[in-house]
Each structure stands twice: as structure tokens, then as C-alpha cells.
file query.txt (compact mmCIF, C-alpha atoms (C1' of nucleotides))
# COMPACT_ATOMS: atom_id res chain seq x y z
CA MET A 1 32.20 -16.85 -52.10
CA LEU A 2 28.76 -15.35 -52.15
CA HIS A 3 27.00 -18.66 -52.09
CA THR A 4 28.17 -20.20 -48.89
CA THR A 5 25.53 -21.15 -46.36
CA ARG A 6 26.82 -18.52 -44.01
CA GLN A 7 26.46 -15.82 -46.64
CA ARG A 8 23.02 -17.02 -47.57
CA LEU A 9 21.92 -16.82 -43.95
CA ILE A 10 23.22 -13.29 -43.61
CA SER A 11 21.62 -12.01 -46.77
CA THR A 12 18.33 -13.70 -45.92
CA ALA A 13 18.45 -12.16 -42.48
CA MET A 14 19.15 -8.73 -43.98
CA GLN A 15 16.04 -9.07 -46.04
CA LEU A 16 13.71 -10.46 -43.39
CA PHE A 17 14.91 -8.22 -40.57
CA HIS A 18 14.22 -5.28 -42.84
CA GLU A 19 10.84 -6.48 -44.04
CA LYS A 20 9.42 -7.91 -40.84
CA GLY A 21 11.71 -6.55 -38.16
CA TYR A 22 14.11 -8.45 -35.94
CA THR A 23 11.66 -9.56 -33.28
CA SER A 24 8.97 -10.60 -35.73
CA THR A 25 11.38 -12.69 -37.75
CA SER A 26 11.58 -16.15 -36.21
CA VAL A 27 14.45 -18.53 -36.60
CA ALA A 28 12.03 -20.79 -38.44
CA ASP A 29 11.34 -17.96 -40.90
CA LEU A 30 15.04 -17.58 -41.53
CA LEU A 31 15.66 -21.29 -42.00
CA LYS A 32 12.82 -21.61 -44.45
CA ALA A 33 13.69 -18.51 -46.49
CA ALA A 34 17.38 -19.37 -46.65
CA ASP A 35 16.65 -23.07 -47.21
CA VAL A 36 19.02 -23.96 -44.43
CA SER A 37 18.60 -26.45 -41.65
CA SER A 38 18.61 -25.56 -38.00
CA GLY A 39 21.88 -27.34 -37.36
CA SER A 40 23.65 -25.23 -39.97
CA LEU A 41 22.54 -21.92 -38.53
CA TYR A 42 23.73 -22.83 -35.07
CA ASN A 43 26.92 -24.15 -36.54
CA PHE A 44 27.79 -20.68 -37.82
CA PHE A 45 26.20 -18.47 -35.20
CA PRO A 46 25.66 -18.90 -31.47
CA GLY A 47 22.13 -17.58 -31.94
CA LYS A 48 19.80 -15.13 -33.62
CA ARG A 49 21.41 -12.17 -31.90
CA GLU A 50 24.82 -12.89 -33.38
CA LEU A 51 23.23 -13.21 -36.80
CA LEU A 52 21.88 -9.70 -36.34
CA LEU A 53 25.36 -8.52 -35.40
CA ALA A 54 26.73 -10.05 -38.59
CA VAL A 55 24.01 -8.27 -40.57
CA LEU A 56 24.80 -4.91 -39.01
CA GLU A 57 28.49 -5.44 -39.68
CA VAL A 58 27.78 -6.03 -43.36
CA TYR A 59 25.64 -2.92 -43.60
CA ARG A 60 28.44 -0.85 -42.19
CA ASN A 61 31.41 -2.44 -43.91
CA ARG A 62 29.83 -2.40 -47.33
CA MET A 63 28.16 0.99 -47.12
CA ARG A 64 30.68 2.49 -49.51
CA GLU A 65 30.27 -0.01 -52.32
CA THR A 66 26.58 -0.85 -51.96
CA LEU A 67 25.17 2.55 -51.05
CA LEU A 68 27.50 5.49 -51.64
CA ASP A 69 29.34 4.46 -54.80
CA PRO A 70 26.18 3.66 -56.77
CA ALA A 71 24.47 6.82 -55.55
CA TRP A 72 27.42 9.02 -56.44
CA ARG A 73 28.41 7.51 -59.77
CA GLY A 74 29.08 10.35 -62.17
CA VAL A 75 28.37 13.03 -59.59
CA SER A 76 31.17 15.33 -58.59
CA ASP A 77 29.44 18.23 -56.87
CA PRO A 78 29.58 17.48 -53.14
CA ILE A 79 26.25 19.13 -52.35
CA GLU A 80 24.61 17.30 -55.19
CA LYS A 81 26.01 14.06 -53.75
CA ILE A 82 24.04 14.64 -50.58
CA PHE A 83 20.77 14.97 -52.41
CA ARG A 84 21.57 12.07 -54.70
CA LEU A 85 21.94 9.90 -51.62
CA LEU A 86 18.54 11.02 -50.39
CA GLU A 87 17.21 10.29 -53.85
CA THR A 88 18.45 6.72 -53.42
CA TYR A 89 16.33 6.33 -50.32
CA ARG A 90 13.40 7.80 -52.18
CA GLU A 91 13.81 5.16 -54.86
CA MET A 92 13.87 2.43 -52.23
CA LEU A 93 10.61 3.73 -50.85
CA VAL A 94 9.00 3.86 -54.28
CA GLU A 95 10.20 0.39 -55.24
CA THR A 96 8.74 -1.09 -52.07
CA ASP A 97 5.47 0.82 -52.13
CA GLY A 98 6.57 3.15 -49.38
CA ILE A 99 7.56 0.50 -46.89
CA TYR A 100 11.31 -0.04 -46.82
CA ALA A 101 14.15 2.41 -46.98
CA CYS A 102 16.67 2.46 -44.15
CA PRO A 103 17.04 -0.97 -42.56
CA VAL A 104 19.28 0.24 -39.77
CA GLY A 105 16.97 3.06 -38.76
CA SER A 106 14.10 0.64 -38.43
CA LEU A 107 16.17 -1.68 -36.28
CA ALA A 108 17.40 1.18 -34.14
CA LEU A 109 13.88 2.10 -33.14
CA GLU A 110 12.63 -1.45 -32.89
CA LEU A 111 15.26 -2.57 -30.41
CA HIS A 112 14.34 -0.60 -27.32
CA ALA A 113 16.91 -1.96 -24.96
CA PRO A 114 19.61 -3.52 -27.10
CA ASP A 115 22.77 -4.66 -25.39
CA PRO A 116 25.82 -2.41 -25.72
CA THR A 117 27.31 -4.44 -28.57
CA ILE A 118 24.22 -4.05 -30.72
CA ARG A 119 23.92 -0.38 -29.88
CA ASP A 120 27.53 0.18 -30.79
CA GLN A 121 26.92 -1.35 -34.20
CA LEU A 122 23.83 0.78 -34.79
CA GLY A 123 25.67 3.89 -33.70
CA ALA A 124 28.69 3.00 -35.81
CA TYR A 125 26.47 2.76 -38.86
CA PHE A 126 24.91 6.14 -38.25
CA THR A 127 28.33 7.62 -37.63
CA ALA A 128 29.71 6.18 -40.86
CA TRP A 129 26.71 7.57 -42.76
CA THR A 130 27.10 10.96 -41.17
CA ASP A 131 30.83 10.93 -41.83
CA ALA A 132 30.17 10.43 -45.52
CA ILE A 133 27.93 13.50 -45.58
CA HIS A 134 30.42 15.36 -43.45
CA GLY A 135 33.02 14.63 -46.11
CA CYS A 136 30.78 16.22 -48.73
CA LEU A 137 30.32 19.31 -46.61
CA ILE A 138 34.05 19.65 -46.06
CA GLU A 139 34.56 19.21 -49.78
CA ALA A 140 32.06 22.01 -50.38
CA GLY A 141 34.52 24.21 -48.54
CA SER A 142 33.93 27.89 -48.83
CA ARG A 143 30.60 27.50 -50.57
CA LEU A 144 29.18 26.86 -47.14
CA ARG A 145 29.20 29.69 -44.68
CA VAL A 146 32.09 29.37 -42.28
CA SER A 147 29.80 29.73 -39.30
CA VAL A 148 27.98 26.49 -40.16
CA ASP A 149 28.86 23.52 -37.97
CA ARG A 150 29.52 20.94 -40.65
CA LEU A 151 29.26 17.83 -38.52
CA GLY A 152 26.01 19.02 -36.97
CA LEU A 153 24.64 19.71 -40.42
CA ALA A 154 25.66 16.24 -41.56
CA GLU A 155 23.73 14.80 -38.62
CA PHE A 156 20.81 16.97 -39.62
CA VAL A 157 20.76 15.37 -43.06
CA LEU A 158 20.46 11.97 -41.38
CA THR A 159 17.81 13.37 -39.07
CA THR A 160 15.80 14.53 -42.05
CA MET A 161 16.19 11.26 -43.90
CA GLU A 162 15.14 9.09 -40.96
CA GLY A 163 12.24 11.29 -39.92
CA ALA A 164 11.02 11.53 -43.48
CA VAL A 165 11.21 7.77 -43.98
CA MET A 166 9.19 7.22 -40.83
CA GLN A 167 6.36 9.39 -42.09
CA ALA A 168 6.45 8.09 -45.64
CA ARG A 169 6.27 4.54 -44.27
CA THR A 170 3.42 5.27 -41.94
CA PHE A 171 1.36 6.92 -44.64
CA ARG A 172 2.63 4.70 -47.43
CA ASP A 173 3.11 7.93 -49.32
CA VAL A 174 6.47 9.06 -50.65
CA GLY A 175 5.13 12.61 -50.77
CA TYR A 176 5.99 13.00 -47.09
CA PHE A 177 9.58 12.13 -47.92
CA ASP A 178 9.67 14.52 -50.85
CA ARG A 179 8.36 17.49 -48.92
CA ALA A 180 10.93 16.95 -46.17
CA VAL A 181 13.75 16.81 -48.70
CA ASP A 182 12.40 19.95 -50.34
CA HIS A 183 12.76 21.81 -47.07
CA LEU A 184 16.23 20.45 -46.50
CA ARG A 185 17.18 21.62 -49.98
CA ASN A 186 15.72 25.00 -49.24
CA TYR A 187 17.75 25.17 -46.04
CA PHE A 188 20.90 24.31 -47.94
CA ASP A 189 20.14 26.98 -50.50
CA LEU A 190 19.98 29.51 -47.71
CA LEU A 191 23.24 28.29 -46.21
CA LEU A 192 25.19 28.20 -49.44
CA TYR A 193 27.18 31.04 -50.79
CA ASP A 194 26.13 30.67 -54.34
CA ARG A 195 28.14 33.78 -54.95
CA ALA A 196 27.88 33.64 -58.70
CA ALA A 197 24.11 33.96 -58.46
CA LEU A 198 24.27 37.05 -56.31
CA PRO A 199 24.38 40.59 -57.64
CA ALA A 200 27.93 41.90 -57.73
CA HIS A 201 27.43 44.45 -54.99
CA VAL A 202 25.97 41.82 -52.65
CA ARG A 203 28.75 39.42 -53.50
CA GLN A 204 31.30 42.01 -52.56
CA ALA A 205 29.55 42.74 -49.30
CA LEU A 206 29.82 39.11 -48.22
CA PRO A 207 32.58 38.12 -45.83
CA GLY A 208 35.62 36.49 -47.39
CA ARG A 209 35.91 32.76 -47.88
CA MET B 1 -12.88 7.06 -13.32
CA LEU B 2 -9.14 6.74 -13.72
CA HIS B 3 -8.92 3.69 -11.53
CA THR B 4 -11.02 1.18 -13.34
CA THR B 5 -9.37 -2.02 -14.44
CA ARG B 6 -9.78 -1.03 -18.04
CA GLN B 7 -8.03 2.28 -17.46
CA ARG B 8 -5.25 0.60 -15.53
CA LEU B 9 -4.69 -1.82 -18.38
CA ILE B 10 -4.48 0.98 -20.91
CA SER B 11 -2.08 3.11 -18.92
CA THR B 12 0.10 0.11 -18.13
CA ALA B 13 0.13 -0.78 -21.80
CA MET B 14 1.09 2.80 -22.71
CA GLN B 15 4.05 2.53 -20.44
CA LEU B 16 5.24 -0.94 -21.40
CA PHE B 17 4.67 -0.54 -25.14
CA HIS B 18 6.79 2.57 -24.95
CA GLU B 19 9.53 1.09 -22.81
CA LYS B 20 9.82 -2.36 -24.34
CA GLY B 21 7.93 -2.07 -27.60
CA TYR B 22 4.68 -3.73 -28.59
CA THR B 23 6.10 -7.06 -29.71
CA SER B 24 8.44 -7.44 -26.77
CA THR B 25 5.70 -6.76 -24.27
CA SER B 26 3.89 -10.00 -23.52
CA VAL B 27 0.39 -10.29 -22.20
CA ALA B 28 1.91 -11.78 -19.07
CA ASP B 29 4.04 -8.63 -18.66
CA LEU B 30 0.92 -6.50 -18.90
CA LEU B 31 -1.06 -8.60 -16.44
CA LYS B 32 1.72 -8.51 -13.90
CA ALA B 33 2.46 -4.79 -14.20
CA ALA B 34 -1.23 -3.84 -14.08
CA ASP B 35 -1.95 -6.40 -11.38
CA VAL B 36 -4.83 -7.73 -13.40
CA SER B 37 -5.81 -11.28 -14.11
CA SER B 38 -5.96 -12.79 -17.55
CA GLY B 39 -9.71 -13.11 -17.46
CA SER B 40 -10.13 -9.39 -16.85
CA LEU B 41 -8.00 -8.36 -19.78
CA TYR B 42 -9.91 -10.56 -22.18
CA ASN B 43 -13.13 -9.35 -20.67
CA PHE B 44 -12.35 -5.80 -21.81
CA PHE B 45 -10.39 -6.41 -24.98
CA PRO B 46 -10.58 -9.12 -27.64
CA GLY B 47 -6.78 -9.30 -27.55
CA LYS B 48 -3.46 -7.51 -27.32
CA ARG B 49 -3.97 -5.81 -30.67
CA GLU B 50 -7.15 -4.09 -29.53
CA LEU B 51 -5.38 -2.93 -26.40
CA LEU B 52 -2.81 -1.28 -28.64
CA LEU B 53 -5.63 0.38 -30.55
CA ALA B 54 -7.03 1.73 -27.30
CA VAL B 55 -3.59 3.06 -26.38
CA LEU B 56 -3.17 4.83 -29.71
CA GLU B 57 -6.63 6.32 -29.36
CA VAL B 58 -5.73 7.77 -25.98
CA TYR B 59 -2.50 9.26 -27.31
CA ARG B 60 -4.41 11.01 -30.05
CA ASN B 61 -7.49 12.08 -28.14
CA ARG B 62 -5.59 13.47 -25.22
CA MET B 63 -2.74 15.07 -27.14
CA ARG B 64 -4.08 18.54 -26.46
CA GLU B 65 -4.33 18.25 -22.71
CA THR B 66 -1.37 15.97 -21.99
CA LEU B 67 1.14 17.28 -24.50
CA LEU B 68 0.29 20.62 -26.06
CA ASP B 69 -1.35 22.49 -23.21
CA PRO B 70 1.46 21.84 -20.71
CA ALA B 71 4.12 22.66 -23.29
CA TRP B 72 2.46 25.90 -24.30
CA ARG B 73 1.41 27.17 -20.90
CA GLY B 74 2.27 30.83 -20.73
CA VAL B 75 3.63 30.94 -24.25
CA SER B 76 1.88 33.10 -26.80
CA ASP B 77 4.38 33.46 -29.61
CA PRO B 78 3.45 30.80 -32.18
CA ILE B 79 7.01 30.15 -33.33
CA GLU B 80 8.15 29.87 -29.75
CA LYS B 81 5.39 27.31 -29.19
CA ILE B 82 6.96 25.06 -31.80
CA PHE B 83 10.30 25.06 -30.07
CA ARG B 84 8.71 24.68 -26.66
CA LEU B 85 7.10 21.51 -27.90
CA LEU B 86 10.46 20.22 -29.07
CA GLU B 87 11.85 21.18 -25.69
CA THR B 88 9.24 18.91 -24.13
CA TYR B 89 10.58 15.98 -26.09
CA ARG B 90 14.08 16.93 -25.05
CA GLU B 91 13.01 16.79 -21.43
CA MET B 92 11.51 13.36 -21.92
CA LEU B 93 14.80 12.17 -23.35
CA VAL B 94 16.77 13.63 -20.47
CA GLU B 95 14.44 12.22 -17.84
CA THR B 96 14.72 8.74 -19.30
CA ASP B 97 18.47 8.81 -19.94
CA GLY B 98 18.03 9.30 -23.65
CA ILE B 99 15.73 6.35 -24.21
CA TYR B 100 12.11 7.42 -24.48
CA ALA B 101 10.54 10.39 -26.16
CA CYS B 102 7.87 9.78 -28.80
CA PRO B 103 5.95 6.58 -28.10
CA VAL B 104 4.01 6.70 -31.34
CA GLY B 105 7.09 7.16 -33.48
CA SER B 106 8.69 4.10 -31.92
CA LEU B 107 5.58 2.06 -32.56
CA ALA B 108 5.31 3.31 -36.13
CA LEU B 109 8.74 1.96 -36.96
CA GLU B 110 8.41 -1.20 -34.92
CA LEU B 111 5.24 -2.36 -36.61
CA HIS B 112 6.46 -3.12 -40.11
CA ALA B 113 3.28 -4.46 -41.56
CA PRO B 114 0.49 -3.25 -39.32
CA ASP B 115 -3.06 -3.76 -40.45
CA PRO B 116 -4.91 -0.79 -41.93
CA THR B 117 -6.68 0.05 -38.66
CA ILE B 118 -3.42 0.35 -36.75
CA ARG B 119 -1.79 2.33 -39.53
CA ASP B 120 -4.72 4.69 -39.63
CA GLN B 121 -4.32 5.37 -35.92
CA LEU B 122 -0.58 5.98 -36.27
CA GLY B 123 -1.16 8.27 -39.22
CA ALA B 124 -3.96 10.09 -37.43
CA TYR B 125 -1.62 10.81 -34.54
CA PHE B 126 1.07 12.21 -36.80
CA THR B 127 -1.53 14.26 -38.62
CA ALA B 128 -2.90 15.69 -35.39
CA TRP B 129 0.64 16.58 -34.28
CA THR B 130 1.43 18.20 -37.58
CA ASP B 131 -1.88 20.06 -37.56
CA ALA B 132 -0.98 21.61 -34.22
CA ILE B 133 2.29 22.90 -35.67
CA HIS B 134 0.49 23.97 -38.81
CA GLY B 135 -1.79 26.07 -36.62
CA CYS B 136 1.24 27.83 -35.14
CA LEU B 137 2.61 28.57 -38.59
CA ILE B 138 -0.70 29.99 -39.73
CA GLU B 139 -0.82 32.06 -36.58
CA ALA B 140 2.63 33.39 -37.40
CA GLY B 141 1.03 34.87 -40.50
CA SER B 142 3.10 37.37 -42.38
CA ARG B 143 6.18 36.79 -40.28
CA LEU B 144 6.76 33.76 -42.44
CA ARG B 145 7.61 34.34 -46.04
CA VAL B 146 4.51 33.87 -48.17
CA SER B 147 6.32 31.44 -50.46
CA VAL B 148 6.73 28.93 -47.62
CA ASP B 149 4.42 25.92 -47.75
CA ARG B 150 3.15 25.92 -44.19
CA LEU B 151 1.84 22.37 -44.03
CA GLY B 152 5.04 21.00 -45.52
CA LEU B 153 7.05 22.95 -42.98
CA ALA B 154 4.88 21.58 -40.18
CA GLU B 155 5.65 18.08 -41.42
CA PHE B 156 9.30 19.03 -41.49
CA VAL B 157 9.18 19.88 -37.79
CA LEU B 158 7.85 16.37 -37.11
CA THR B 159 10.51 14.95 -39.42
CA THR B 160 13.19 16.71 -37.43
CA MET B 161 11.79 15.64 -34.09
CA GLU B 162 11.48 11.97 -35.02
CA GLY B 163 14.83 11.75 -36.76
CA ALA B 164 16.52 13.52 -33.88
CA VAL B 165 14.92 11.24 -31.31
CA MET B 166 16.11 8.21 -33.22
CA GLN B 167 19.70 9.34 -33.10
CA ALA B 168 19.58 10.54 -29.51
CA ARG B 169 18.14 7.18 -28.50
CA THR B 170 20.70 5.17 -30.41
CA PHE B 171 23.61 7.09 -28.93
CA ARG B 172 21.93 7.66 -25.55
CA ASP B 173 23.06 11.24 -26.01
CA VAL B 174 20.65 14.17 -26.07
CA GLY B 175 23.31 16.19 -27.87
CA TYR B 176 22.17 14.66 -31.15
CA PHE B 177 18.69 15.97 -30.47
CA ASP B 178 19.97 19.40 -29.54
CA ARG B 179 22.06 19.84 -32.66
CA ALA B 180 19.14 18.88 -34.88
CA VAL B 181 16.87 21.39 -33.17
CA ASP B 182 19.60 24.03 -33.50
CA HIS B 183 19.56 23.56 -37.24
CA LEU B 184 15.79 23.67 -37.38
CA ARG B 185 15.88 26.89 -35.41
CA ASN B 186 18.46 28.27 -37.78
CA TYR B 187 16.25 27.32 -40.72
CA PHE B 188 13.29 29.08 -39.14
CA ASP B 189 15.40 32.17 -38.54
CA LEU B 190 16.19 32.22 -42.23
CA LEU B 191 12.55 31.79 -43.21
CA LEU B 192 11.21 34.45 -40.91
CA TYR B 193 10.92 37.99 -41.99
CA ASP B 194 12.48 39.36 -38.92
CA ARG B 195 14.84 41.05 -41.32
CA ALA B 196 16.41 43.20 -38.69
CA ALA B 197 17.55 40.09 -36.85
CA LEU B 198 19.08 38.44 -39.88
CA PRO B 199 22.78 38.51 -40.58
CA ALA B 200 23.56 41.34 -42.93
CA HIS B 201 24.68 39.17 -45.82
CA VAL B 202 21.49 37.11 -45.73
CA ARG B 203 19.36 40.20 -45.45
CA GLN B 204 20.96 41.54 -48.57
CA ALA B 205 20.61 38.30 -50.46
CA LEU B 206 16.91 37.93 -49.75
CA PRO B 207 14.42 38.92 -52.41
CA GLY B 208 12.13 41.80 -51.55
CA ARG B 209 9.01 40.85 -49.63
C1' DG C 1 -15.99 -8.62 -13.46
C1' DT C 2 -12.46 -11.55 -11.59
C1' DC C 3 -10.12 -15.78 -10.48
C1' DT C 4 -7.07 -20.13 -11.46
C1' DA C 5 -5.84 -23.50 -14.44
C1' DT C 6 -4.74 -24.77 -18.84
C1' DA C 7 -4.98 -25.32 -23.70
C1' DA C 8 -2.61 -24.79 -28.20
C1' DA C 9 0.80 -22.81 -30.79
C1' DA C 10 5.21 -20.63 -31.65
C1' DG C 11 9.40 -19.24 -29.88
C1' DG C 12 14.84 -20.17 -29.57
C1' DA C 13 17.95 -23.58 -29.11
C1' DT C 14 20.09 -28.46 -28.74
C1' DA C 15 21.27 -33.57 -29.56
C1' DG C 16 23.22 -36.83 -31.98
C1' DA C 17 23.41 -39.42 -36.40
C1' DC C 18 25.49 -38.86 -40.82
C1' DG D 1 28.76 -28.98 -42.35
C1' DT D 2 24.19 -30.75 -42.58
C1' DC D 3 20.25 -33.41 -41.27
C1' DT D 4 15.93 -34.71 -38.38
C1' DA D 5 13.82 -34.94 -34.24
C1' DT D 6 12.94 -32.86 -30.10
C1' DC D 7 13.38 -30.23 -25.71
C1' DC D 8 11.98 -26.44 -22.98
C1' DT D 9 10.13 -21.90 -22.52
C1' DT D 10 7.16 -18.38 -23.64
C1' DT D 11 3.40 -16.87 -26.14
C1' DT D 12 -1.67 -15.62 -26.78
C1' DA D 13 -5.88 -16.94 -25.60
C1' DT D 14 -9.74 -19.77 -23.43
C1' DA D 15 -12.60 -22.47 -19.92
C1' DG D 16 -15.31 -22.58 -16.29
C1' DA D 17 -15.88 -21.69 -11.25
C1' DC D 18 -16.97 -17.84 -8.30
call {"tool": "encode", "arguments": {"input": "query.txt", "output": "C-alpha cells"}}
result
Amino acid sequence: MLHTTRQRLISTAMQLFHEKGYTSTSVADLLKAADVSSGSLYNFFPGKRELLLAVLEVYRNRMRETLLDPAWRGVSDPIEKIFRLLETYREMLVETDGIYACPVGSLALELHAPDPTIRDQLGAYFTAWTDAIHGCLIEAGSRLRVSVDRLGLAEFVLTTMEGAVMQARTFRDVGYFDRAVDHLRNYFDLLLYDRAALPAHVRQALPGR
Amino acid sequence: MLHTTRQRLISTAMQLFHEKGYTSTSVADLLKAADVSSGSLYNFFPGKRELLLAVLEVYRNRMRETLLDPAWRGVSDPIEKIFRLLETYREMLVETDGIYACPVGSLALELHAPDPTIRDQLGAYFTAWTDAIHGCLIEAGSRLRVSVDRLGLAEFVLTTMEGAVMQARTFRDVGYFDRAVDHLRNYFDLLLYDRAALPAHVRQALPGR
DNA sequence: GTCTATAAAAGGATAGAC
DNA sequence: GTCTATCCTTTTATAGAC
């Protein structure tokens, strides 16, 4: 199932679009890397654009099993899950010498005027990512101050990740990523009711759950 | 001075590289938009790459007068300056229907494997931007808790801006930008020693100065 | 410095045999 | 489904007259 020509084209495209970008990856590049002939590609896809759509669909549909499940294996604390996910991106940066981390983010900024279908796919990916974080924040329940907009905060986690990746990539230095995550962690610490850590009299002064 | 062919080429390239991206802007596009003939372009620049370098140099060298000075006109409070700058990016998003905001950030993610010279220019721009914010944070002095790493926080402002622009652009919705800035503002409020303005429960939970 | 014409290569996509 | 050969367009860049 994983070795069909179609699958090989998609996984090759995932790799090359991430490494070189969509525009800088030529059809010839794809054919050579996937060891597929021109006729085969156009047998499965109307063109390069539709191959990109297939790639984006895979990223979104398999986010749970390829990204979230591995990152969250053995982790139950919902806040910790959030920072484990960011740690996953950090590892991607380190493994690729500070170059690759979020393939969809790169594509989103590369494609300046994508058609609505492409944009919908990019947006759907971001929304799915944010929803996963949102789930963690809901799970955190009363540990998070009631006044905090949970969906907005989930978006802010994505904001931090994407902005941090951009800088780390530009400088080829994961330190930029780390310092951004440090500040996000600090922000979370300030937002969390870690009631047990507070002195009893302060704890009692806090508003109810 | 501003009307030489060379200047016209650079300003046209600034515009097109921002709107369409570097790769998707062809030399023919540039020639047509700048109303310049091929021979003239190659008289001033060895090629398209060097034109990009000239563009990046302008962005960096004129950051103060074209970006910071207008944003900070009439503003003296250093923390307010930071959020005025972000407001400038918001306005760019609104004026372009959520498409354009930070030209250098877009280029940084579009160019996956730029040569060292290009990367240096991109990094230098980010550094100059961050330095400006860093200056505000230093100016804020004791209002900011001493434990806060000011340079890291300045980078975090850039992180937020770039990540927020990416999402706003993808969704063509400035709301994504606004919510990110709201959280950054909230974070700043928690970091600032304007204790009287803090919510009571936070005030109580904070360590003594 | 600027012009037109054009080279030389790379781009996406197609045709038609197997 | 896959193959080779090829079409047509666009690309960056150059040549040489003015």
C-alpha cells in the first residue's frame, strides 16, 4: 500500500517541497527523486498543483498519527503536551541543522497568491493544529484562569512556533527557537493557577475554579 | 535622486518581491513594471540575485526612517512604542486585505537554501528589528522585572509578529493577528511592575521585587 | 546608459507506443 | 500504468547597435 507509484510521488513531493519549496521544485526534480516517469505522474495527477494538494491533504489527515501521537506518547499532563509538541519541532530543527521544521508554514508563506483551494488546505492544517492545542487547554480546565480565551491562546502557541521557526531557520541557530519557547513557557506559568505552589493564604484569596 | 533607473528598479523589485515573492517574480515582470529595458537592468546589476541584495540592503538601511520613525512619532513610552510598531504591521495587513505585512519575513521563508550573503542580509534585518525593540525594553528600565532577559523578549516580539502575520495571511483575516498581539500585550502586563494595575490575585502571587 | 533581438536553458505538460 | 520523445512557454542573461 505504501509502495505504489502514487504514494511514492506524494512522499517525494512532501520531502522536496519542504526542502526546496514548491516553486523551486521542478517536475523534473520530482520525477528523478521518485524514480518515476513523466507519463506516470500525469496519469495520477492533472499537474504539479494537484500533487501539492495531495501533499497538504496527507499532512492534515495524518497529523494525529505522525505528529501528535508520537509527541504525546506517555504524556498525560495537557500543558506538558503542548510543550512536548514544541519540543518535537525543536528536534526537527536540530536534526536538519536548523533548516526544516514546519513544512506547511513554509508553504503558507511561499505561496503568495494561492488559489482558494490551496489556501483552504493550508488554513485547515493550521486549524487542525490549533484545535489540538485547544483540546489540551480545555483539558487543563480550571488550572487555567477562566478569563483566558483558550482558542486565542492555542493560536498564540502556533504563532510562537511559526515565528520561532522562521528565526531559527534564518540564523541556522536553534537558540532562537529555544528562547521563544522559554518566553511562552513563562507566559503559561503566569497564566496557570498552580494553586498547590502558592502559599495557603494566597490560594484562598484566588477566585474559585 | 529617487528617479534614477537604478532606484526605480530597486523600488519596483521591493514591491514585486513582496507581492509575488522572489522566485515568482521574473526579470520580465520587473522590466515591465519598472518600464526599463533588459540592457539597463544588467547594466546596473549582475543579475536578479544582486537586485534582491540591493532590496534587502534598502530595507535594513532605511528601517529607521521608513518604519520606526513614522510608527513612533509622538510616542514616548517605550512599551507603547513596541505595540505601536505592531499596530503598523496590522495596518499594512488591513490595507492589503490581509496579504502583505513583513516583506523580509516572507522572503526568509521563501528562500529555503539562500547563499550565505543573502542569509546574512535577512539575519541582519531581523537583528536590526530586534535591536530596536531591545532598545525600548532597556529604556523601560526598572518597569520590567529584572529577571527578564530583555534581548530574548525582544526576539519574542518579532516571533509573535511573524507568526501572527503568517496566520493572518493564510486566513486573510487580521483577527488572527489581533488575538496574537492581545496575548503578547497580556504577557507584557504580567511582566511589568505596574503592580497597581495587575489583577489582585497575580499581584499577590508575584515574588517581591 | 539604453535599445531590440536573441541566445541557451529550464519550466510544465502532452503524445502515442507499449 | 509506464515509457520515451517532444512540444511550447517562460526563464535568465547576453550581443551589439545606438
call {"tool": "interface_residues", "arguments": {"input": "query.txt", "of": "chain C", "to": "chain A", "cutoff": "8 Å", "atoms": "all atoms listed in the file", "output": "tab-separated table (two decimals) with C-alpha atoms (C1' of nucleotides), in the coordinates of the input"}}
result
chain	number	residue	atom	x	y	z
C	11	DG	C1'	9.40	-19.24	-29.88
C	12	DG	C1'	14.84	-20.17	-29.57
C	13	DA	C1'	17.95	-23.58	-29.11
call {"tool": "interface_residues", "arguments": {"input": "query.txt", "of": "chain A", "to": "chain B", "cutoff": "6 Å", "atoms": "all atoms listed in the file", "output": "ChimeraX atom specification"}}
result
/A:20,106,109-110,112,152,156,159-160,162-164,179-180,187,206
call {"tool": "atom_distance", "arguments": {"input": "query.txt", "atom1": "atom CA of B:Thr96", "atom2": "atom CA of B:Gln15"}}
result
12.4 Å
call {"tool": "interface_residues", "arguments": {"input": "query.txt", "of": "chain A", "to": "chain D", "cutoff": "8 Å", "atoms": "all atoms listed in the file", "output": "list of chain:residue names"}}
result
A:Ser37, A:Gly39, A:Ser40, A:Asn43
call {"tool": "atom_distance", "arguments": {"input": "query.txt", "atom1": "atom C1' of C:DT6", "atom2": "atom CA of B:Leu41"}}
result
16.8 Å
call {"tool": "atom_distance", "arguments": {"input": "query.txt", "atom1": "atom CA of B:Ala71", "atom2": "atom CA of B:Arg90"}}
result
11.6 Å
call {"tool": "residues_around", "arguments": {"input": "query.txt", "residues": "A:Asp77", "least_positions_apart": "3", "cutoff": "10 Å", "atoms": "all atoms listed in the file", "output": "JSON, numbers by chain"}}
result
{"A": [72, 74, 80, 81, 82, 136, 139, 140]}
call {"tool": "write_last_selection", "arguments": {"input": "query.txt", "atoms": "C-alpha atoms", "output": "CSV table (one decimal), in the frame of the given file"}}
result
chain,number,residue,atom,x,y,z
A,72,TRP,CA,27.4,9.0,-56.4
A,74,GLY,CA,29.1,10.4,-62.2
A,80,GLU,CA,24.6,17.3,-55.2
A,81,LYS,CA,26.0,14.1,-53.8
A,82,ILE,CA,24.0,14.6,-50.6
A,136,CYS,CA,30.8,16.2,-48.7
A,139,GLU,CA,34.6,19.2,-49.8
A,140,ALA,CA,32.1,22.0,-50.4
call {"tool": "residues_around", "arguments": {"input": "query.txt", "residues": "B:Met14", "least_positions_apart": "3", "cutoff": "10 Å", "atoms": "only C-alpha atoms (C1' of nucleotides)", "output": "PyMOL selection string"}}
result
chain B and resi 8-11+17-19+21-22+51-52+54-56+58-59+103-104
call {"tool": "residues_around", "arguments": {"input": "query.txt", "residues": "B:His134", "least_positions_apart": "3", "cutoff": "7 Å", "atoms": "all atoms listed in the file", "output": "PDB file with C-alpha atoms, in the coordinates of the input"}}
result
ATOM      1  CA  THR B 130       1.430  18.200 -37.580  1.00  0.00           C
ATOM      2  CA  ASP B 131      -1.880  20.060 -37.560  1.00  0.00           C
ATOM      3  CA  LEU B 137       2.610  28.570 -38.590  1.00  0.00           C
ATOM      4  CA  ILE B 138      -0.700  29.990 -39.730  1.00  0.00           C
ATOM      5  CA  ARG B 150       3.150  25.920 -44.190  1.00  0.00           C
ATOM      6  CA  LEU B 151       1.840  22.370 -44.030  1.00  0.00           C
ATOM      7  CA  ALA B 154       4.880  21.580 -40.180  1.00  0.00           C
TER       8      ALA B 154
END
